[in-house]
Amino acid sequence: MAELTARVLELIASGQATSRTEIATHLGAAPSTVSLTVGQLIANGLVAEEGTRSSTGGRPRKVLRLGGVDEYALAADLGGTHARVGVVLPGGGLSDVRTIPFAMVDGPRPGLERLAEVLEELATRRGRSALRGVGLSLPGPVDVEAGVVDLPSRMPGWNGFPVAAWLAERFGVTAAVDNDANCMAVGEHAVQPPERRQAIMVKAGSAIGAGIIADGRLYRGATGAAGDITHVRIDAAGDTPCSCGNTGCLETVASGAALVRILQESDVDVATTQDVVALATDAHPAATRAVRRAGKYLGEVLSANVNFFNPDAVYLGGILSTVEPFVAAVRSQLYEGCHPLVTQHLTIERASLGADAGLVGAGQFALQRALTATLDAVAGASITNHHRRIRVP
Ligand SMILES: [Zn+2]
């Protein structure tokens, strides 16, 4: 599949561009080339042009969108004890969102079977024929190409389980699986102004993760581990042992799991990250102090990354980002630790999608993958025709 075609579809699918001009600007490509590509996509039924949009003061114009009007993906964002499920539309729209119990410790088969039943209900209600894909956000490392969970520390029994293949077979459509921070980055990016092309999305929950948007696309790095800031070593962590086998990682002083441990050591009655958040929201002195310190440590590690990467925005997500002192501490540490050239136009804010960012991202991944599969099929067909033409004059 041609790279340009894929990029054009991605821009239309994510809602970042709705016209040939916008696409050409985004890609820095010649308008004639973009027009040709869009024309081919329309001819193949992958993109449609319709209606008029009255832009502010400008004259009405045609708007590009993905082929089928009613197309959607089913998506789920899995946590340790709950899953958020819903229907994701091209461009980042959401509907039928709800939270259901989900026990990660039960292992993949029983959990996914129950999840599939809920998703199947959503599909039946919405119309099975317009279902294009199923997307899953997982709280652990994922081999995205293989669709397999890869040595997860918090997902017992899931290592090596072919999640994407299982979903694809169960639903008969394309399936996409990715880790939670990447899903959140892609979901949040889809609904942000298109001029914010460089961003870091941090998930601060029981664990810490980050997803990177570079030049408007998810950046995975050489081996898919880009954004894994949780095992950056930090002085304040001393020689505290970490789940990775090393000592002194950010995770041991700034994650929700670390806050539970730290507060328990000072005889505060907490068992989960939710307990810590509840106390801090209620202005419990020790919990608030601990959460503020965690924000400072996260801000310290982020400063180095923000200085290096110079993003337009840092988005904060995950349950800890619902606590104001945590967000304030990250923000002030970033201003303190970064060069003014880097912070002068830097946006630091909570993810606008809140708890839905991962859901939207998982759905976007599924829709993109479904499009790629369709495109490959179209390209394969045209190559075959081409050969036929050469062989049979
Ligand atoms: Zn570690």
# chains A, B, ... in the order shown; residues from 1 in each chain; ligands from 1
$ residues_around --residues "Val173 (chain A)" --least-positions-apart "6" --cutoff "12 Å" --atoms "only C-alpha atoms" --output "PyMOL selection string"
chain A and resi 72-74+123+128-135+164-167+366-367+369-371+373-374
$ closest_atom_pairs --of "chain A" --to "ligand 1" --cutoff "7 Å" --atoms "only C-alpha atoms and all ligand atoms" --output "CSV"
residue,atom,partner,partner_atom_place_in_ligand_line,distance
A:Thr230,CA,ligand 1,1 (Zn),6.5
A:His231,CA,ligand 1,1 (Zn),4.0
A:Cys242,CA,ligand 1,1 (Zn),4.5
A:Ser243,CA,ligand 1,1 (Zn),5.7
A:Cys244,CA,ligand 1,1 (Zn),4.3
A:Gly245,CA,ligand 1,1 (Zn),6.4
A:Asn246,CA,ligand 1,1 (Zn),5.3
A:Thr247,CA,ligand 1,1 (Zn),6.4
A:Cys249,CA,ligand 1,1 (Zn),4.6
A:Glu251,CA,ligand 1,1 (Zn),6.3
$ select_by_dssp --residues "region 231-270 of chain A" --states "helix (DSSP H, G or I)" --output "list in words"
His231, Asp235, Ala236, Ala237, Glu251, Thr252, Val253, Ala254, Gly256, Ala257, Ala258, Leu259, Val260, Arg261, Ile262, Leu263, Gln264 and Glu265 of chain A
$ write_last_selection --atoms "N, CA and C atoms" --output "short mmCIF file (atom, residue, chain, number, x, y, z; two decimals), in the first residue's frame"
data_model
loop_
_atom_site.label_atom_id
_atom_site.label_comp_id
_atom_site.auth_asym_id
_atom_site.auth_seq_id
_atom_site.Cartn_x
_atom_site.Cartn_y
_atom_site.Cartn_z
N HIS A 231 10.55 3.36 34.13
CA HIS A 231 11.79 2.79 34.68
C HIS A 231 13.00 3.72 34.52
N ASP A 235 16.87 10.01 41.63
CA ASP A 235 17.60 10.05 42.90
C ASP A 235 16.70 9.78 44.10
N ALA A 236 15.52 10.43 44.08
CA ALA A 236 14.62 10.34 45.24
C ALA A 236 14.19 8.91 45.55
N ALA A 237 14.31 8.00 44.55
CA ALA A 237 13.86 6.63 44.77
C ALA A 237 14.93 5.77 45.44
N GLU A 251 8.78 4.59 38.88
CA GLU A 251 7.61 3.82 39.30
C GLU A 251 7.55 3.58 40.81
N THR A 252 8.73 3.47 41.45
CA THR A 252 8.75 3.13 42.87
C THR A 252 8.43 4.32 43.78
N VAL A 253 8.34 5.52 43.20
CA VAL A 253 8.00 6.68 44.04
C VAL A 253 6.82 7.50 43.51
N ALA A 254 6.41 7.29 42.24
CA ALA A 254 5.40 8.17 41.66
C ALA A 254 4.15 7.46 41.16
N GLY A 256 0.71 4.98 41.34
CA GLY A 256 -0.35 4.76 42.32
C GLY A 256 0.01 3.62 43.27
N ALA A 257 0.59 2.56 42.70
CA ALA A 257 1.01 1.42 43.53
C ALA A 257 2.04 1.85 44.57
N ALA A 258 2.97 2.75 44.17
CA ALA A 258 3.98 3.24 45.11
C ALA A 258 3.32 4.08 46.20
N LEU A 259 2.33 4.90 45.83
CA LEU A 259 1.66 5.75 46.82
C LEU A 259 0.94 4.90 47.86
N VAL A 260 0.33 3.80 47.41
CA VAL A 260 -0.33 2.89 48.36
C VAL A 260 0.70 2.39 49.37
N ARG A 261 1.87 1.93 48.85
CA ARG A 261 2.92 1.39 49.72
C ARG A 261 3.43 2.47 50.69
N ILE A 262 3.69 3.65 50.15
CA ILE A 262 4.26 4.73 50.97
C ILE A 262 3.29 5.15 52.08
N LEU A 263 2.00 5.26 51.74
CA LEU A 263 1.01 5.66 52.74
C LEU A 263 0.77 4.56 53.78
N GLN A 264 0.80 3.30 53.31
CA GLN A 264 0.65 2.19 54.26
C GLN A 264 1.79 2.19 55.27
N GLU A 265 3.00 2.55 54.81
CA GLU A 265 4.15 2.60 55.71
C GLU A 265 3.97 3.68 56.78
#
$ atom_distance --atom1 "CA of Gly317 (chain A)" --atom2 "CA of Ser137 (chain A)"
14.2 Å
$ closest_atom_pairs --of "region 258-335 of chain A" --to "region 212-221 of chain A" --cutoff "12 Å" --atoms "only C-alpha atoms" --output "Markdown table"
| residue | atom | partner | partner_atom | distance |
| --- | --- | --- | --- | --- |
| A:Asn305 | CA | A:Ile212 | CA | 10.6 |
| A:Val306 | CA | A:Ile212 | CA | 11.0 |
| A:Phe309 | CA | A:Ala214 | CA | 9.0 |
| A:Asn310 | CA | A:Ala214 | CA | 10.3 |
| A:Pro311 | CA | A:Ala214 | CA | 8.3 |
| A:Asp312 | CA | A:Ile213 | CA | 10.0 |
| A:Ala313 | CA | A:Ile213 | CA | 9.7 |
| A:Val314 | CA | A:Ile212 | CA | 9.6 |
| A:Tyr315 | CA | A:Ile212 | CA | 10.4 |
$ write_last_selection --atoms "C-alpha atoms" --output "CSV table (one decimal), in the first residue's frame"
chain,number,residue,atom,x,y,z
A,305,ASN,CA,11.9,14.4,28.0
A,306,VAL,CA,10.1,17.7,27.3
A,309,PHE,CA,11.4,16.5,22.5
A,310,ASN,CA,10.0,20.1,22.6
A,311,PRO,CA,6.3,19.1,22.3
A,312,ASP,CA,3.3,21.4,21.8
A,313,ALA,CA,1.5,19.7,24.6
A,314,VAL,CA,1.7,17.4,27.6
A,315,TYR,CA,-1.6,15.7,28.4
$ closest_residue --among "A:Ile23, A:Ile348, A:Val87, A:Val291" --to "Arg7 (chain A)" --atoms "only C-alpha atoms"
A:Ile23
$ select_by_dssp --residues "region 313-386 of chain A" --states "strand (DSSP E)" --output "PyMOL selection string"
chain A and resi 313-317+347-350
$ atom_distance --atom1 "CA of Phe161 (chain A)" --atom2 "CA of Leu112 (chain A)"
11.2 Å
$ residues_around --residues "Ala280 (chain A)" --least-positions-apart "6" --cutoff "8 Å" --atoms "only C-alpha atoms" --output "PyMOL selection string"
chain A and resi 287-288+291+323
$ residues_around --residues "Gly86 (chain A)" --least-positions-apart "6" --cutoff "12 Å" --atoms "only C-alpha atoms" --output "number ranges by chain"
A: 72-78, 92-100, 115-116, 118-123, 125-126, 134-136, 356-363
$ write_last_selection --atoms "N, CA and C atoms" --output "CSV table (one decimal), in the first residue's frame"
chain,number,residue,atom,x,y,z
A,72,TYR,N,-18.3,1.8,12.2
A,72,TYR,CA,-17.8,2.0,13.6
A,72,TYR,C,-16.9,0.9,14.0
A,73,ALA,N,-16.3,1.1,15.1
A,73,ALA,CA,-15.5,0.0,15.8
A,73,ALA,C,-16.0,-0.2,17.2
A,74,LEU,N,-15.9,-1.4,17.7
A,74,LEU,CA,-16.1,-1.7,19.1
A,74,LEU,C,-14.8,-1.5,19.8
A,75,ALA,N,-14.8,-1.0,21.0
A,75,ALA,CA,-13.6,-0.8,21.7
A,75,ALA,C,-13.7,-1.1,23.2
A,76,ALA,N,-12.6,-1.5,23.8
A,76,ALA,CA,-12.6,-1.8,25.2
A,76,ALA,C,-11.2,-1.4,25.8
A,77,ASP,N,-11.3,-0.7,26.9
A,77,ASP,CA,-10.1,-0.3,27.6
A,77,ASP,C,-10.0,-1.1,28.9
A,78,LEU,N,-9.1,-2.1,29.0
A,78,LEU,CA,-9.1,-3.0,30.1
A,78,LEU,C,-8.2,-2.5,31.3
A,92,GLY,N,-13.3,10.1,16.0
A,92,GLY,CA,-13.1,10.1,17.5
A,92,GLY,C,-14.4,10.2,18.3
A,93,GLY,N,-15.6,10.1,17.6
A,93,GLY,CA,-16.9,10.2,18.3
A,93,GLY,C,-17.1,8.9,19.1
A,94,LEU,N,-17.9,9.0,20.1
A,94,LEU,CA,-18.1,7.9,21.0
A,94,LEU,C,-19.6,7.7,21.3
A,95,SER,N,-20.0,6.5,21.5
A,95,SER,CA,-21.4,6.3,22.0
A,95,SER,C,-21.5,5.0,22.8
A,96,ASP,N,-22.6,4.8,23.5
A,96,ASP,CA,-22.8,3.6,24.3
A,96,ASP,C,-21.7,3.2,25.2
A,97,VAL,N,-21.1,4.2,25.8
A,97,VAL,CA,-19.9,4.0,26.7
A,97,VAL,C,-20.4,3.5,28.1
A,98,ARG,N,-19.8,2.5,28.6
A,98,ARG,CA,-20.1,2.1,30.0
A,98,ARG,C,-19.0,1.3,30.6
A,99,THR,N,-19.0,1.2,31.9
A,99,THR,CA,-18.0,0.4,32.6
A,99,THR,C,-18.5,-0.9,33.1
A,100,ILE,N,-17.8,-2.0,32.9
A,100,ILE,CA,-18.3,-3.3,33.3
A,100,ILE,C,-17.2,-3.9,34.2
A,115,LEU,N,-16.3,-10.3,28.0
A,115,LEU,CA,-16.2,-9.0,27.4
A,115,LEU,C,-16.9,-9.0,26.0
A,116,ALA,N,-16.6,-10.1,25.3
A,116,ALA,CA,-17.1,-10.3,23.9
A,116,ALA,C,-18.7,-10.3,23.9
A,118,VAL,N,-20.6,-8.6,25.9
A,118,VAL,CA,-21.1,-7.2,26.1
A,118,VAL,C,-20.9,-6.5,24.8
A,119,LEU,N,-19.8,-6.7,24.1
A,119,LEU,CA,-19.5,-6.0,22.8
A,119,LEU,C,-20.5,-6.5,21.8
A,120,GLU,N,-20.8,-7.7,21.8
A,120,GLU,CA,-21.7,-8.3,20.8
A,120,GLU,C,-23.1,-7.6,20.9
A,121,GLU,N,-23.5,-7.4,22.2
A,121,GLU,CA,-24.8,-6.7,22.4
A,121,GLU,C,-24.8,-5.3,21.7
A,122,LEU,N,-23.6,-4.6,21.9
A,122,LEU,CA,-23.5,-3.2,21.4
A,122,LEU,C,-23.6,-3.3,19.8
A,123,ALA,N,-22.9,-4.3,19.3
A,123,ALA,CA,-22.9,-4.5,17.8
A,123,ALA,C,-24.3,-4.8,17.3
A,125,ARG,N,-27.1,-4.0,18.6
A,125,ARG,CA,-28.0,-2.8,18.7
A,125,ARG,C,-27.7,-1.8,17.6
A,126,ARG,N,-26.4,-1.7,17.2
A,126,ARG,CA,-26.0,-0.7,16.3
A,126,ARG,C,-26.1,-1.1,14.8
A,134,VAL,N,-12.5,-4.3,15.9
A,134,VAL,CA,-12.6,-4.3,17.4
A,134,VAL,C,-11.2,-3.9,17.9
A,135,GLY,N,-11.2,-2.9,18.8
A,135,GLY,CA,-9.9,-2.4,19.3
A,135,GLY,C,-9.8,-2.6,20.8
A,136,LEU,N,-8.6,-3.0,21.3
A,136,LEU,CA,-8.5,-3.3,22.7
A,136,LEU,C,-7.3,-2.5,23.3
A,356,ASP,N,-12.0,8.4,28.8
A,356,ASP,CA,-12.4,7.8,27.5
A,356,ASP,C,-11.3,7.8,26.5
A,357,ALA,N,-10.1,8.5,26.8
A,357,ALA,CA,-9.1,8.6,25.8
A,357,ALA,C,-8.6,7.3,25.3
A,358,GLY,N,-8.4,6.3,26.2
A,358,GLY,CA,-7.9,5.0,25.7
A,358,GLY,C,-8.9,4.3,24.9
A,359,LEU,N,-10.2,4.4,25.2
A,359,LEU,CA,-11.3,3.8,24.4
A,359,LEU,C,-11.3,4.4,23.0
A,360,VAL,N,-11.2,5.7,22.9
A,360,VAL,CA,-11.2,6.3,21.6
A,360,VAL,C,-10.0,5.8,20.8
A,361,GLY,N,-8.8,5.8,21.4
A,361,GLY,CA,-7.6,5.4,20.7
A,361,GLY,C,-7.7,3.9,20.2
A,362,ALA,N,-8.2,3.0,21.1
A,362,ALA,CA,-8.3,1.6,20.7
A,362,ALA,C,-9.2,1.5,19.5
A,363,GLY,N,-10.3,2.3,19.5
A,363,GLY,CA,-11.2,2.3,18.4
A,363,GLY,C,-10.6,2.8,17.1
$ closest_residue --among "A:Gly354, A:Gly299, A:Gly28, A:Pro325" --to "Cys338 (chain A)" --atoms "only C-alpha atoms"
A:Gly299
$ atom_distance --atom1 "CA of Leu66 (chain A)" --atom2 "CA of Val85 (chain A)"
22.9 Å
$ residues_around --residues "Pro162 (chain A)" --least-positions-apart "3" --cutoff "12 Å" --atoms "only C-alpha atoms" --output "PyMOL selection string"
chain A and resi 108-109+112+142-150+157-159+165-169+175-177
$ write_last_selection --atoms "N, CA and C atoms" --output "compact mmCIF listing (two decimals), in the first residue's frame"
# COMPACT_ATOMS: atom_id res chain seq x y z
N PRO A 108 -6.90 -14.64 30.23
CA PRO A 108 -7.51 -14.09 29.03
C PRO A 108 -8.83 -14.73 28.60
N ARG A 109 -8.94 -16.05 28.60
CA ARG A 109 -10.12 -16.68 27.99
C ARG A 109 -11.43 -16.34 28.66
N LEU A 112 -12.11 -12.43 28.31
CA LEU A 112 -12.43 -11.97 26.95
C LEU A 112 -13.79 -12.51 26.50
N VAL A 142 2.58 -4.68 24.58
CA VAL A 142 1.90 -5.43 23.53
C VAL A 142 2.80 -5.49 22.30
N ASP A 143 2.93 -6.69 21.72
CA ASP A 143 3.56 -6.82 20.40
C ASP A 143 2.45 -6.53 19.40
N VAL A 144 2.45 -5.28 18.88
CA VAL A 144 1.32 -4.79 18.10
C VAL A 144 1.12 -5.58 16.81
N GLU A 145 2.22 -5.90 16.11
CA GLU A 145 2.10 -6.62 14.84
C GLU A 145 1.50 -8.01 15.05
N ALA A 146 1.97 -8.68 16.10
CA ALA A 146 1.48 -10.03 16.36
C ALA A 146 0.14 -10.01 17.10
N GLY A 147 -0.20 -8.86 17.72
CA GLY A 147 -1.44 -8.78 18.48
C GLY A 147 -1.41 -9.61 19.75
N VAL A 148 -0.20 -9.67 20.35
CA VAL A 148 0.02 -10.55 21.49
C VAL A 148 0.56 -9.75 22.67
N VAL A 149 0.13 -10.11 23.87
CA VAL A 149 0.66 -9.48 25.07
C VAL A 149 2.08 -9.99 25.32
N ASP A 150 2.96 -9.08 25.72
CA ASP A 150 4.38 -9.39 25.76
C ASP A 150 4.95 -9.17 27.17
N GLY A 157 -1.04 -14.81 33.37
CA GLY A 157 -1.66 -15.75 32.46
C GLY A 157 -1.87 -15.20 31.05
N TRP A 158 -1.56 -13.93 30.83
CA TRP A 158 -1.83 -13.32 29.52
C TRP A 158 -0.62 -13.39 28.59
N ASN A 159 0.56 -13.68 29.13
CA ASN A 159 1.77 -13.62 28.30
C ASN A 159 1.64 -14.52 27.07
N ALA A 165 -5.92 -12.07 17.40
CA ALA A 165 -6.44 -13.19 16.60
C ALA A 165 -7.73 -13.73 17.20
N TRP A 166 -7.77 -13.81 18.53
CA TRP A 166 -8.97 -14.31 19.21
C TRP A 166 -10.17 -13.41 18.91
N LEU A 167 -9.96 -12.09 19.02
CA LEU A 167 -11.05 -11.14 18.76
C LEU A 167 -11.48 -11.17 17.30
N ALA A 168 -10.49 -11.25 16.38
CA ALA A 168 -10.80 -11.26 14.95
C ALA A 168 -11.65 -12.47 14.61
N GLU A 169 -11.33 -13.61 15.22
CA GLU A 169 -12.10 -14.82 14.93
C GLU A 169 -13.49 -14.73 15.56
N ALA A 175 -9.01 -6.87 14.08
CA ALA A 175 -8.84 -6.49 15.48
C ALA A 175 -7.48 -5.84 15.69
N ALA A 176 -7.44 -4.87 16.60
CA ALA A 176 -6.19 -4.18 16.91
C ALA A 176 -6.00 -4.14 18.42
N VAL A 177 -4.79 -4.38 18.87
CA VAL A 177 -4.49 -4.38 20.30
C VAL A 177 -3.27 -3.50 20.53
$ closest_residue --among "A:Ala30, A:Ala294, A:Ala304, A:Leu138" --to "His339 (chain A)" --atoms "only C-alpha atoms"
A:Ala304
$ closest_residue --among "A:Gly187, A:Gly79, A:Pro31, A:Pro241" --to "Gly205 (chain A)" --atoms "only C-alpha atoms"
A:Gly79
$ closest_residue --among "A:Gln274, A:Gln333, A:Thr281, A:Thr223" --to "Ser303 (chain A)" --atoms "only C-alpha atoms"
A:Gln333
$ closest_residue --among "A:Gln192, A:Pro141, A:Thr272, A:Pro156" --to "Ala210 (chain A)" --atoms "only C-alpha atoms"
A:Pro141
